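First up is the structure itself, then whatever we jot down about it.
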Number of protein chains: 2
Amino acid sequence: MRYCQSWLAGRYDPSGKESYPLFRAEVPGNVQKDWWEASEPGDIMYGSSVKKLDITEGWHWIYKTRLDFSRRPGERVFFVAEGIDYIFDILLGGEKIYSHEGMFTKTELDITDRAETGTELCVVIHPHPKTPGPHREARGEANQSCKPPMCYGWDWNPRLLISGIWKPAYIETRDSGFISSCEPFYTLSGDLRSADVRFETVCGSDVCYTVKDMEGNTVYSGYDPEFRLDDIRLWWCSGCGTPYLYTWTAKSESDEKSGTIGFRKIRLVRNTGTMGEPYGFPKSRYAAAVTVELNGVRIFAKGSNWVNPELFTGTVTAERYEELIKAAADCNMNIFRLWGGSGINKDEFYDLCDRYGIMLWQEFMLSCNNYEDTPGYMAVLEQEAGAIIRHLRRHPSIILWCGGNELFNGWSGMDDQSHALRLLNKLCYELDYDRPFFPTSPMPGMAHGGYTFINRENGDDVFAEFIKAHQTAYTEFGVPCIAPLENIQRIIPENELFPIEKTDAWITHHGFGAWGDQRWLCLDDIEHYFGKQPDLPAVIEKSQWLQAVGYKAIFEEARRQWPYCSMAINWCFCEPWITAANNTPISWPLKLKPSYFAIRDSLRPVVASARIGRFDWKPGDSFKTELWMLNDSGETVSDRITASLVIGDETFTLLTWETGDIEPRGNKRGPAAEIVLPSVKAEEMTLRITASSDDRSSEYRLRYYGG
Amino acid sequence: MRYCQSWLAGRYDPSGKESYPLFRAEVPGNVQKDWWEASEPGDIMYGSSVKKLDITEGWHWIYKTRLDFSRRPGERVFFVAEGIDYIFDILLGGEKIYSHEGMFTKTELDITDRAETGTELCVVIHPHPKTPGPHREARGEANQSCKPPMCYGWDWNPRLLISGIWKPAYIETRDSGFISSCEPFYTLSGDLRSADVRFETVCGSDVCYTVKDMEGNTVYSGYDPEFRLDDIRLWWCSGCGTPYLYTWTAKSESDEKSGTIGFRKIRLVRNTGTMGEPYGFPKSRYAAAVTVELNGVRIFAKGSNWVNPELFTGTVTAERYEELIKAAADCNMNIFRLWGGSGINKDEFYDLCDRYGIMLWQEFMLSCNNYEDTPGYMAVLEQEAGAIIRHLRRHPSIILWCGGNELFNGWSGMDDQSHALRLLNKLCYELDYDRPFFPTSPMPGMAHGGYTFINRENGDDVFAEFIKAHQTAYTEFGVPCIAPLENIQRIIPENELFPIEKTDAWITHHGFGAWGDQRWLCLDDIEHYFGKQPDLPAVIEKSQWLQAVGYKAIFEEARRQWPYCSMAINWCFCEPWITAANNTPISWPLKLKPSYFAIRDSLRPVVASARIGRFDWKPGDSFKTELWMLNDSGETVSDRITASLVIGDETFTLLTWETGDIEPRGNKRGPAAEIVLPSVKAEEMTLRITASSDDRSSEYRLRYYGG
């Protein structure tokens with residue numbers, strides 16, 4: 001039996017000299033959020049308000065409760081906290097009974113002999129570790145910590161060293177029938193039609209297992225924890241089939257646990273066309289195998305990088321997760337890369353991704369730092385990673401473990417010898433043998449970036465940049481965009497809205513200086529194409545235009561490069577608060593930018609697409625475009641495609657293409673159309689690729705200097 | 001007390017129906033060698049004689065001995081075999097008492113209660129495993145085996161599935177003072193001046209430890225297995241200092257074990273100049289860190305790939321190892337890459353490399369195959385790799401574990417997900433935490449090849465090819481050469497010596513068809529530069545010329561690329577028998593080809609070197625050369641360099657260069673000299689780079705079409 005407790009919280013003086021007022025604490029939650037609400041009733045999003053939390057960085061905090069539960073004879077009493085962020089002690093009746101570092105390991109304390117209703121239980125939270133020394137970026141302070149480094153400040157997340165009881169915590173009474181763990185494993189037959197299921201259960205009494213299919217039919221019921229299921233239905237990712245889940249129940253004389261099983265076989269296989277590369281001698285290694293093979297089918301993985309959807313990760317609800325996950329599935333995405341820098345999500349997230357068929361590339365909490373192998377760090381990492389793997393490995397949606405972000409790049413400074421990554425390899429091997437593992441992203445052949453519409457090193461726009469690119473997987477790339485007007489109005493003081501200048505509010509919200517001077521507003525790129533803008537709505541419109549057509553260009557180019565390229569995962573999907581601008585197609589909390597709809601179009605199973613050399617054109621230019629049919633579906637398709645160019649009121653039909661058959665999960669390159677651009681009084685032109693099946697048509701809105 | 005036994009051996013019929021004659025068996029050795037000597041008294045090197053062993057491939061073999069030992073009261077009796085190749089049973093008094101797969105794990109059987117003098121002990125050797133199925137190369141049959149795959153046939157080793165008791169085997173009587181294991185470990189202080197030493201010992205009685213330095217002074221003596229040594233001397237590789245070794249003794253009441261300790265700190269660090277690459281977006285991972293840092297000093301690793309020095313690896317002696325290792329040290333080499341395909345050497349090899357200061361890159365026995373993770377294979381691999389790591393980790397010379405050869409290239413088909421390599425990573429992490437590990441070679445940034453003087457894909461010679469190359473480490477590259485005349489005369493029937501044609505003898509000895517039609521004789525390259533040759537000595541002279549100047553070009557070019565490039569390791573050093581031609585500078589057993597001396601010159605600590613664009617020149621060509629001083633020494637050097645060109649009887653002085661100071665372990669690029677080549681009646685020309693310090697001068701013998 002579980003008994004939730006009521007908690008108070010407050011600042012805490014470890015020397016005992018000072019005492020501070022307590023306030024109501026939300027559990028699960030973050031104590032900084034509670035403190036904010038108790039003391040600073042205002043919009044944390046507004047202006048630079050968030051910086052008012054800076055003073056709390058060095059503080060200790062305390063959570064207090066007077067226990068309230070009832071216990072039957074023979075039962076034992078446990079305090080269970082599924083996650084406490086990040087270094088903490090637990091005090092029972094004033095006595096310290098436990099100390100711990102790490103927010104991803106479950107705490108389970110047998111307090112039978114010391115606790116009764118009314119006993120005081122406290123959780124004392126220590127300040128976060130900060131590695132001393134000069135750090136180019138604040139994140140360097142996180143390089144000996146298993147706390148997600150984004151909390152130390154990132155280019156889309158303000159520095160906010162949150163802590164607290166971030167996952168459920170409760171008193172649990174347990175008798176001999178208590179099921180302390182129950183986990184299903186399975187082995188699929190070679191033809192993927194049968195599964196040998198095996199439950200590993202820890203319980204003092206007999207346990208009866210029941211498995212039901214999605215229609216509610218019982219497919220197994222019995223006391224034997226090992227059994228075979230025939231004629232199983234497989235779990236598929238979104239767009240490839242039903243993410244089929246069976247439901248299991250384990251029942252003892254006094255307890256019941258339940259969960260789901262998704263049967264699926266996952267491998268990463270060599271990308272088509274990588275054999276032989278690099279050509280000639282001296283010859284280095286081949287690209288890493290990174291094509292997702294799900295249940296024997298090679299899949300183009302299309303999706304987005306997921307970061308924390310709220311500043312206060314302890315407060316995220318299942319509803320919040322679901323609205324975002326649903327938005328991804330609706331956007332024709334089938335994968336999230338769970339970028340390591342923002343840590344591990346709550347349990348509900350993984351359950352929802354299982355249900356929605358969103359594949360997950362789960363990274364550990366290392367990002368852009370050199371995590372040295374000091375004994376203290378390695379011990380916490382081993383404990384945390386082990387807990388994470390054991391806790392999450394049951395989810396069919398997770399297709400890959402990854403050590404963390406960009407660790408084999410110079411700005412991180414780790415490499416193949418780094419013990420932290422070798423440890424993670426070892427743990428994943430031991431605890432989750434069949435699931436693929438990468439030490440980091442990008443691996444050889446894969447790539448990250450760019451992150452702006454114009455590459456300032458060579459002047460290329462994203463159209464040109466990705467046509468030249470030749471990578472097996474684009475696992476980060478971004479085009480930035482300013483937030484919608486109403487969100488901007490919420491975060492920027494009215495008198496700073498326009499003209500946009502480098503004020504604290506714009507900077508705090510990552511409009512300037514987040515990555516170089518002009519990121520993420522990129523007013524330089526807007527001015528480059530459109531000149532100075534007269535007002536904020538005009539800036540927003542241009543910014544949205546660039547992001548939408550930019551993402552359309554990249555996602556479709558990546559699909560054109562299939563099967564050599566097998567992944568397109570943009571940076572990033574959601575944001576934890578309102579940024580003034582960033583690379584997401586969604587502004588907090590769920591305001592869809594135009595790019596969201598552009599991406600949704602580009603990721604449809606079947607798309608009539610055009611390869612366009614660049615974004616900006618003028619009269620007299622030779623405009624050339626290559627027609628493509630992109631087919632991610634499992635069906636053979638064919639269509640009749642017409643390409644036309646609309647400039648002002650005039651429409652120029654370029655050509656018509658009878659595609660013939662296009663094989664399942666295959667593309668077809670069509671003819672190229674070319675036209676010398678006429679002089680028309682217009683500031684833009686639209687390339688229309690019209691398919692007979694209307695849901696396959698595409699439009700590309702391009703800059704045209706015809707004014 | 002150890003008692004060696006006398007062994008007979010013979011073919012064995014597991015059904016018991018047939019019995020075959022026995023012959024004297026050499027232990028350690030290989031039973032196929034004994035069989036050969038007992039039944040085919042002839043030169044195995046001659047012609048295609050080696051193929052007479054083919055018929056033995058499917059045979060079982062038996063070793064027999066009648067035990068001969070004496071045992072004192074209270075002693076236990078063990079049969080110990082340090083290595084039996086490859087699948088075997090042990091029978092005692094006719095009863096099978098043990099079965100095993102794997103040649104690198106020590107067998108230790110307590111036979112006290114069943115053995116006395118006169119008891120028959122037999123070792124039954126099974127045929128080697130051969131994976132069925134179509135294999136492009138015979139080596140594919142080895143892809144589920146921990147038997148070194150070169151035995152299945154390689155392009156320099158004939159197929160020869162040898163087996164037998166290849167390491168010492170004996171009866172050992174043990175009392176309570178027997179030291180069953182004793183291994184020293186150490187931790188160096190940050191300044192590398194002190195070592196905390198710790199012995200891990202298994203013994204039933206007290207053990208006294210003594211450590212002496214190389215001068216014979218006792219630096220520790222006592223019963224405490226943990227102690228600190230101050231003012232230690234470090235182990236250095238050849239060319240960088242003394243490979244200093246301490247000697248330890250562990251003494252119990254009745255036993256004594258001894259060994260050496262070399263104190264040294266080894267890391268692989270990022271190559272200078274790799275930061276940032278690849279430039280621009282989308283950006284993949286950076287090159288792997290592959291610069292050897294020994295005791296805090298970055299070292300250019302220069303050496304060769306080591307393969308088995310004899311066909312019958314069980315017969316290799318310490319003397320045989322030493323003459324080759326000494327030849328490498330004399331050649332100014334400081335590293336061997338112990339190519340995985342030829343397995344692990346006997347203990348004496350590693351002791352000698354410790355003594356000579358030859359650093360070792362030790363690979364596991366995987367090469368050019370896809371070793372799938374079947375349960376049977378993985379169990380043997382785990383056992384064998386674990387045994388190898390535990391047995392060898394005490395050697396300071398070993399600086400790197402590596403999973404095997406070219407496993408991340410398409411012709412092998414393994415990749416980052418391969419469980420066999422993830423297992424090796426895990427085992428090295430667990431058993432030998434501080435020593436670097438690579439899953440394979442080449443890693444990103446590093447490269448293998450080419451292997452011929454002319455790259456037939458683009459027509460470049462090795463001069464041009466390596467000037468264009470931009471890699472962090474060249475860990476295989478080769479220029480082939482025919483064997484010296486007397487070796488050719490031993491292997492090729494007299495009537496086939498000239499003209500050279502594709503007869504069985506030339507093919508068997510890898511002259512033709514070893515890798516493409518023309519390898520390794522490469523008569524096509526010889527004819528390309530020199531036309532048809534009149535006789536065998538002329539072929540040999542031209543072949544030796546190309547190999548010598550080719551290796552000189554590559555090794556010096558790799559050194560010029562320091563510190564971006566940090567390794568030059570040619571393919572390969574020695575050969576197990578007389579090949580008609582291959583890439584080694586040494587023909588079996590120790591006949592030094594001219595390339596040996598060219599390499600020795602190129603690898604001197606300080607070399608006056610020239611970058612030359614290509615090998616072949618004609619009158620009227622603009623001959624341009626860039627002068628360099630290459631300094632691998634720890635000293636600042638300077639010199640006065642004169643470049644001159646000798647064509648026929650004429651000498652053309654090109655320029656003189658006062659180098660000024662050249663920093664320790666640094667190079668200096670000097671001026672370039674250019675001359676329009678005159679017309680002289682000559683078929684070659686020599687570029688002389690003369691230093692004031694004569695031991696730094698260089699000569700390059702180039703083709704000149706002045707005839």
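Lettering and numbering for the structure tokens are positional, with chains as A, B, ... in the shown order, residues counted from 1 in each chain, and ligands counted from 1 in the shown order.
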(request) Identify, on the basis of only C-alpha atoms, every residue whose closest approach to Gln489 (chain A) does not exceed 12 Å; exclude the query and any residue fewer than 3 positions from it along the same chain; express the result as number ranges by chain. (result) A: 45-47, 482-486, 492-498, 505-506, 536-537, 578-580
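Those residues in region 485-591 of chain B carrying a DSSP assignment of strand (DSSP E), computed from the backbone, are B:Met567, B:Ala568, B:Ile569, B:Asn570, B:Ala581, B:Asn582, B:Ile586, B:Ser587, B:Lys591.
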Please produce a file of the residues just selected, as a PDB file, in the first residue's frame, where the atoms kept are C-alpha atoms.
ATOM      1  CA  MET B 567      52.530   6.697 -36.453  1.00  0.00           C
ATOM      2  CA  ALA B 568      54.157   4.942 -39.376  1.00  0.00           C
ATOM      3  CA  ILE B 569      53.916   1.172 -39.158  1.00  0.00           C
ATOM      4  CA  ASN B 570      54.601  -0.671 -42.359  1.00  0.00           C
ATOM      5  CA  ALA B 581      57.762 -11.726 -52.767  1.00  0.00           C
ATOM      6  CA  ASN B 582      55.967  -9.656 -50.181  1.00  0.00           C
ATOM      7  CA  ILE B 586      63.272  -9.138 -44.209  1.00  0.00           C
ATOM      8  CA  SER B 587      63.118 -12.423 -46.067  1.00  0.00           C
ATOM      9  CA  LYS B 591      67.844 -12.040 -44.757  1.00  0.00           C
TER      10      LYS B 591
END
Restrict the calculation to only C-alpha atoms, then for each residue of chain A with any atom at most 8 Å from an atom of chain B give the closest atom pair and their distance in Å to one decimal, rows by chain and rising residue number, as JSON lines.
{"residue": "A:Leu268", "atom": "CA", "partner": "B:Gln417", "partner_atom": "CA", "distance": 7.5}
{"residue": "A:Met275", "atom": "CA", "partner": "B:Gly410", "partner_atom": "CA", "distance": 5.5}
{"residue": "A:Gly276", "atom": "CA", "partner": "B:Gly410", "partner_atom": "CA", "distance": 6.6}
{"residue": "A:Gly280", "atom": "CA", "partner": "B:Glu457", "partner_atom": "CA", "distance": 7.3}
{"residue": "A:Phe281", "atom": "CA", "partner": "B:Gly450", "partner_atom": "CA", "distance": 5.1}
{"residue": "A:Pro282", "atom": "CA", "partner": "B:Gly449", "partner_atom": "CA", "distance": 4.6}
{"residue": "A:Lys283", "atom": "CA", "partner": "B:Ala447", "partner_atom": "CA", "distance": 4.7}
{"residue": "A:Ser284", "atom": "CA", "partner": "B:Ala447", "partner_atom": "CA", "distance": 4.2}
{"residue": "A:Arg285", "atom": "CA", "partner": "B:Asn409", "partner_atom": "CA", "distance": 5.4}
{"residue": "A:Tyr286", "atom": "CA", "partner": "B:Asn409", "partner_atom": "CA", "distance": 5.1}
{"residue": "A:Ala288", "atom": "CA", "partner": "B:Asp415", "partner_atom": "CA", "distance": 6.3}
{"residue": "A:Ala289", "atom": "CA", "partner": "B:Asp415", "partner_atom": "CA", "distance": 6.5}
{"residue": "A:Glu406", "atom": "CA", "partner": "B:Arg285", "partner_atom": "CA", "distance": 7.4}
{"residue": "A:Phe408", "atom": "CA", "partner": "B:Arg285", "partner_atom": "CA", "distance": 5.5}
{"residue": "A:Asn409", "atom": "CA", "partner": "B:Tyr286", "partner_atom": "CA", "distance": 5.1}
{"residue": "A:Gly410", "atom": "CA", "partner": "B:Met275", "partner_atom": "CA", "distance": 5.5}
{"residue": "A:Asp415", "atom": "CA", "partner": "B:Ala288", "partner_atom": "CA", "distance": 6.3}
{"residue": "A:Asp416", "atom": "CA", "partner": "B:Ala288", "partner_atom": "CA", "distance": 6.5}
{"residue": "A:Gln417", "atom": "CA", "partner": "B:Pro436", "partner_atom": "CA", "distance": 5.9}
{"residue": "A:His419", "atom": "CA", "partner": "B:Tyr429", "partner_atom": "CA", "distance": 7.9}
{"residue": "A:Arg422", "atom": "CA", "partner": "B:Tyr429", "partner_atom": "CA", "distance": 7.0}
{"residue": "A:Leu423", "atom": "CA", "partner": "B:Tyr429", "partner_atom": "CA", "distance": 7.5}
{"residue": "A:Asn425", "atom": "CA", "partner": "B:Arg422", "partner_atom": "CA", "distance": 7.0}
{"residue": "A:Lys426", "atom": "CA", "partner": "B:Lys426", "partner_atom": "CA", "distance": 5.0}
{"residue": "A:Tyr429", "atom": "CA", "partner": "B:Arg422", "partner_atom": "CA", "distance": 7.1}
{"residue": "A:Pro436", "atom": "CA", "partner": "B:Gln417", "partner_atom": "CA", "distance": 5.9}
{"residue": "A:Phe437", "atom": "CA", "partner": "B:Gln417", "partner_atom": "CA", "distance": 6.5}
{"residue": "A:Phe438", "atom": "CA", "partner": "B:Asp416", "partner_atom": "CA", "distance": 7.2}
{"residue": "A:Ser441", "atom": "CA", "partner": "B:Arg285", "partner_atom": "CA", "distance": 7.7}
{"residue": "A:Pro442", "atom": "CA", "partner": "B:Arg285", "partner_atom": "CA", "distance": 5.5}
{"residue": "A:Met443", "atom": "CA", "partner": "B:Arg285", "partner_atom": "CA", "distance": 5.8}
{"residue": "A:Pro444", "atom": "CA", "partner": "B:Arg285", "partner_atom": "CA", "distance": 6.1}
{"residue": "A:Gly445", "atom": "CA", "partner": "B:Ser284", "partner_atom": "CA", "distance": 6.4}
{"residue": "A:Met446", "atom": "CA", "partner": "B:Ser284", "partner_atom": "CA", "distance": 5.5}
{"residue": "A:Ala447", "atom": "CA", "partner": "B:Ser284", "partner_atom": "CA", "distance": 4.2}
{"residue": "A:His448", "atom": "CA", "partner": "B:Pro282", "partner_atom": "CA", "distance": 5.2}
{"residue": "A:Gly449", "atom": "CA", "partner": "B:Pro282", "partner_atom": "CA", "distance": 4.6}
{"residue": "A:Gly450", "atom": "CA", "partner": "B:Phe281", "partner_atom": "CA", "distance": 5.1}
{"residue": "A:Glu457", "atom": "CA", "partner": "B:Gly280", "partner_atom": "CA", "distance": 7.4}
{"residue": "A:Glu465", "atom": "CA", "partner": "B:Phe281", "partner_atom": "CA", "distance": 8.0}
{"residue": "A:Ala469", "atom": "CA", "partner": "B:Pro282", "partner_atom": "CA", "distance": 7.0}
{"residue": "A:Tyr474", "atom": "CA", "partner": "B:Pro282", "partner_atom": "CA", "distance": 7.7}
{"residue": "A:Phe477", "atom": "CA", "partner": "B:Pro282", "partner_atom": "CA", "distance": 7.8}
(message) as a PyMOL selection string, please: the residues near region 626-643 of chain B (cut-off 8 Å, only C-alpha atoms, same-chain neighbours under 6 positions excluded).
(response) chain B and resi 239-240+299-300+559-560+605-612+653-673+687-693
Keeping C-alpha atoms for every residue in the selection just given, could you write it to a file as an mmCIF file, in the first residue's frame?
data_model
loop_
_atom_site.group_PDB
_atom_site.id
_atom_site.type_symbol
_atom_site.label_atom_id
_atom_site.label_comp_id
_atom_site.auth_asym_id
_atom_site.auth_seq_id
_atom_site.Cartn_x
_atom_site.Cartn_y
_atom_site.Cartn_z
ATOM 1 C CA GLY B 239 65.303 5.640 -28.895
ATOM 2 C CA CYS B 240 63.765 7.608 -26.025
ATOM 3 C CA ILE B 299 56.330 10.135 -29.383
ATOM 4 C CA PHE B 300 56.279 9.418 -33.071
ATOM 5 C CA ARG B 559 57.476 11.762 -40.278
ATOM 6 C CA ARG B 560 57.152 15.068 -42.135
ATOM 7 C CA PRO B 605 66.468 10.046 -34.741
ATOM 8 C CA VAL B 606 67.684 12.951 -36.868
ATOM 9 C CA VAL B 607 67.385 12.775 -40.650
ATOM 10 C CA ALA B 608 68.042 15.261 -43.391
ATOM 11 C CA SER B 609 65.212 14.400 -45.712
ATOM 12 C CA ALA B 610 63.767 15.466 -49.050
ATOM 13 C CA ARG B 611 60.161 15.554 -50.186
ATOM 14 C CA ILE B 612 60.171 14.387 -53.802
ATOM 15 C CA THR B 653 74.576 21.106 -56.506
ATOM 16 C CA LEU B 654 71.080 22.404 -55.842
ATOM 17 C CA LEU B 655 71.374 24.427 -52.668
ATOM 18 C CA THR B 656 72.678 24.693 -49.162
ATOM 19 C CA TRP B 657 70.519 25.222 -46.101
ATOM 20 C CA GLU B 658 71.573 26.414 -42.658
ATOM 21 C CA THR B 659 68.794 24.890 -40.632
ATOM 22 C CA GLY B 660 69.130 26.911 -37.457
ATOM 23 C CA ASP B 661 67.677 25.337 -34.309
ATOM 24 C CA ILE B 662 65.226 22.510 -34.666
ATOM 25 C CA GLU B 663 63.284 21.801 -31.532
ATOM 26 C CA PRO B 664 63.253 18.417 -29.832
ATOM 27 C CA ARG B 665 60.700 16.056 -31.395
ATOM 28 C CA GLY B 666 59.961 18.632 -34.039
ATOM 29 C CA ASN B 667 60.629 18.972 -37.712
ATOM 30 C CA LYS B 668 61.702 21.914 -39.802
ATOM 31 C CA ARG B 669 60.758 22.528 -43.369
ATOM 32 C CA GLY B 670 63.579 24.044 -45.343
ATOM 33 C CA PRO B 671 63.831 25.682 -48.739
ATOM 34 C CA ALA B 672 62.814 23.974 -51.945
ATOM 35 C CA ALA B 673 65.307 23.368 -54.737
ATOM 36 C CA LEU B 687 69.437 12.943 -54.866
ATOM 37 C CA ARG B 688 71.997 13.433 -52.123
ATOM 38 C CA ILE B 689 71.057 15.335 -49.020
ATOM 39 C CA THR B 690 74.312 15.796 -47.213
ATOM 40 C CA ALA B 691 74.442 16.955 -43.621
ATOM 41 C CA SER B 692 77.507 18.227 -41.805
ATOM 42 C CA SER B 693 76.834 15.492 -39.286
#
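Residue nearest Asp175 (chain A) within the list A:Phe78, A:Tyr152, A:Tyr321, A:Tyr700: A:Phe78 [criterion: smallest interatomic distance, only C-alpha atoms].
Copies chain A and chain B share one sequence; their C-alpha RMSD after superposition is 0.0 Å.
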(request) Would you list the contacts of Tyr186 (chain B) as a list in words, taking every protein, DNA or RNA residue within 6 Å and counting only C-alpha atoms, but skipping same-chain residues closer than 6 positions in sequence? (result)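 Surrounding residues, per the criterion: Asp196, Val197 and Arg198 of chain B.
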(request) For region 203-206 of chain B, work out the shell of residues within 7 Å, counting only C-alpha atoms and skipping chain neighbours fewer than 4 positions away, then give it as a list in words. (result)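 What passes the distance filter is Ser176, Gly177, Phe178, Ile179, Ser180, Ser252 and Glu253 of chain B.
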Those selected residues, please, written with N, CA and C atoms and delivered as a PDB file, in the first residue's frame.
ATOM      1  N   SER B 176      51.933 -26.730   0.156  1.00  0.00           N
ATOM      2  CA  SER B 176      51.189 -25.577   0.677  1.00  0.00           C
ATOM      3  C   SER B 176      51.921 -24.258   0.416  1.00  0.00           C
ATOM      4  N   GLY B 177      53.217 -24.345   0.101  1.00  0.00           N
ATOM      5  CA  GLY B 177      53.951 -23.114  -0.190  1.00  0.00           C
ATOM      6  C   GLY B 177      53.935 -22.742  -1.662  1.00  0.00           C
ATOM      7  N   PHE B 178      53.229 -23.498  -2.440  1.00  0.00           N
ATOM      8  CA  PHE B 178      53.200 -23.228  -3.876  1.00  0.00           C
ATOM      9  C   PHE B 178      52.546 -21.867  -4.165  1.00  0.00           C
ATOM     10  N   ILE B 179      53.206 -21.087  -4.956  1.00  0.00           N
ATOM     11  CA  ILE B 179      52.672 -19.783  -5.343  1.00  0.00           C
ATOM     12  C   ILE B 179      51.910 -19.976  -6.651  1.00  0.00           C
ATOM     13  N   SER B 180      50.596 -20.012  -6.551  1.00  0.00           N
ATOM     14  CA  SER B 180      49.851 -20.326  -7.779  1.00  0.00           C
ATOM     15  C   SER B 180      49.674 -19.101  -8.655  1.00  0.00           C
ATOM     16  N   SER B 252      58.153 -18.119  -1.126  1.00  0.00           N
ATOM     17  CA  SER B 252      57.433 -18.725  -0.004  1.00  0.00           C
ATOM     18  C   SER B 252      58.360 -19.749   0.641  1.00  0.00           C
ATOM     19  N   GLU B 253      57.826 -20.552   1.537  1.00  0.00           N
ATOM     20  CA  GLU B 253      58.680 -21.538   2.225  1.00  0.00           C
ATOM     21  C   GLU B 253      59.220 -22.587   1.248  1.00  0.00           C
TER      22      GLU B 253
END
(message) One number please: CA of Thr503 (chain A) to CA of Gln544 (chain A), in Å, one decimal.
(response)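 Taking CA of Thr503 (chain A) and CA of Gln544 (chain A), their separation equals 22.2 Å.
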(message) Which of region 567-611 of chain A end up as alpha helix (DSSP H) when DSSP is run on this backbone - answer as a list in words?
(response)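 Of region 567-611 of chain A, the ones in alpha helix (DSSP H) are Pro594, Ser595, Tyr596, Phe597, Ala598, Ile599, Arg600, Asp601 and Ser602 of chain A.
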(message) If we count only C-alpha atoms and set the cut-off at 9 Å, which residues sit around Phe104 (chain B), ignoring sequence neighbours fewer than 5 positions away in its own chain? Please answer as a ChimeraX atom specification.
(response) /B:82-86,146,344,383-385,387-388
(message) So that I can see what lies close to Gly273 (chain B), please list as an MDAnalysis selection string the residues with an atom at most 10 Å from it, counting only C-alpha atoms and leaving out residues fewer than 6 positions away in the same chain.
(response) chainID B and resid 472 562:565
Same residues, N, CA and C atoms, saved as an mmCIF file, in the first residue's frame:
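File written: out-v1.cif
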data_model
loop_
_atom_site.group_PDB
_atom_site.id
_atom_site.type_symbol
_atom_site.label_atom_id
_atom_site.label_comp_id
_atom_site.auth_asym_id
_atom_site.auth_seq_id
_atom_site.Cartn_x
_atom_site.Cartn_y
_atom_site.Cartn_z
ATOM 1 N N THR B 472 46.109 10.573 -39.499
ATOM 2 C CA THR B 472 46.755 10.700 -38.189
ATOM 3 C C THR B 472 47.732 9.567 -37.918
ATOM 4 N N TRP B 562 54.260 14.698 -39.013
ATOM 5 C CA TRP B 562 54.241 14.881 -37.555
ATOM 6 C C TRP B 562 54.117 16.362 -37.241
ATOM 7 N N PRO B 563 53.355 16.805 -36.228
ATOM 8 C CA PRO B 563 52.671 15.984 -35.220
ATOM 9 C C PRO B 563 51.211 15.666 -35.577
ATOM 10 N N TYR B 564 50.749 16.098 -36.768
ATOM 11 C CA TYR B 564 49.399 15.678 -37.160
ATOM 12 C C TYR B 564 49.365 14.164 -37.262
ATOM 13 N N CYS B 565 50.364 13.628 -37.925
ATOM 14 C CA CYS B 565 50.507 12.173 -38.027
ATOM 15 C C CYS B 565 51.469 11.707 -36.944
#
(message) If I take CA of Cys151 (chain B) and CA of Arg139 (chain B), how far is one from the other in Å, to one decimal?
(response)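 Value for the CA of Cys151 (chain B)-CA of Arg139 (chain B) distance: 8.2 Å.
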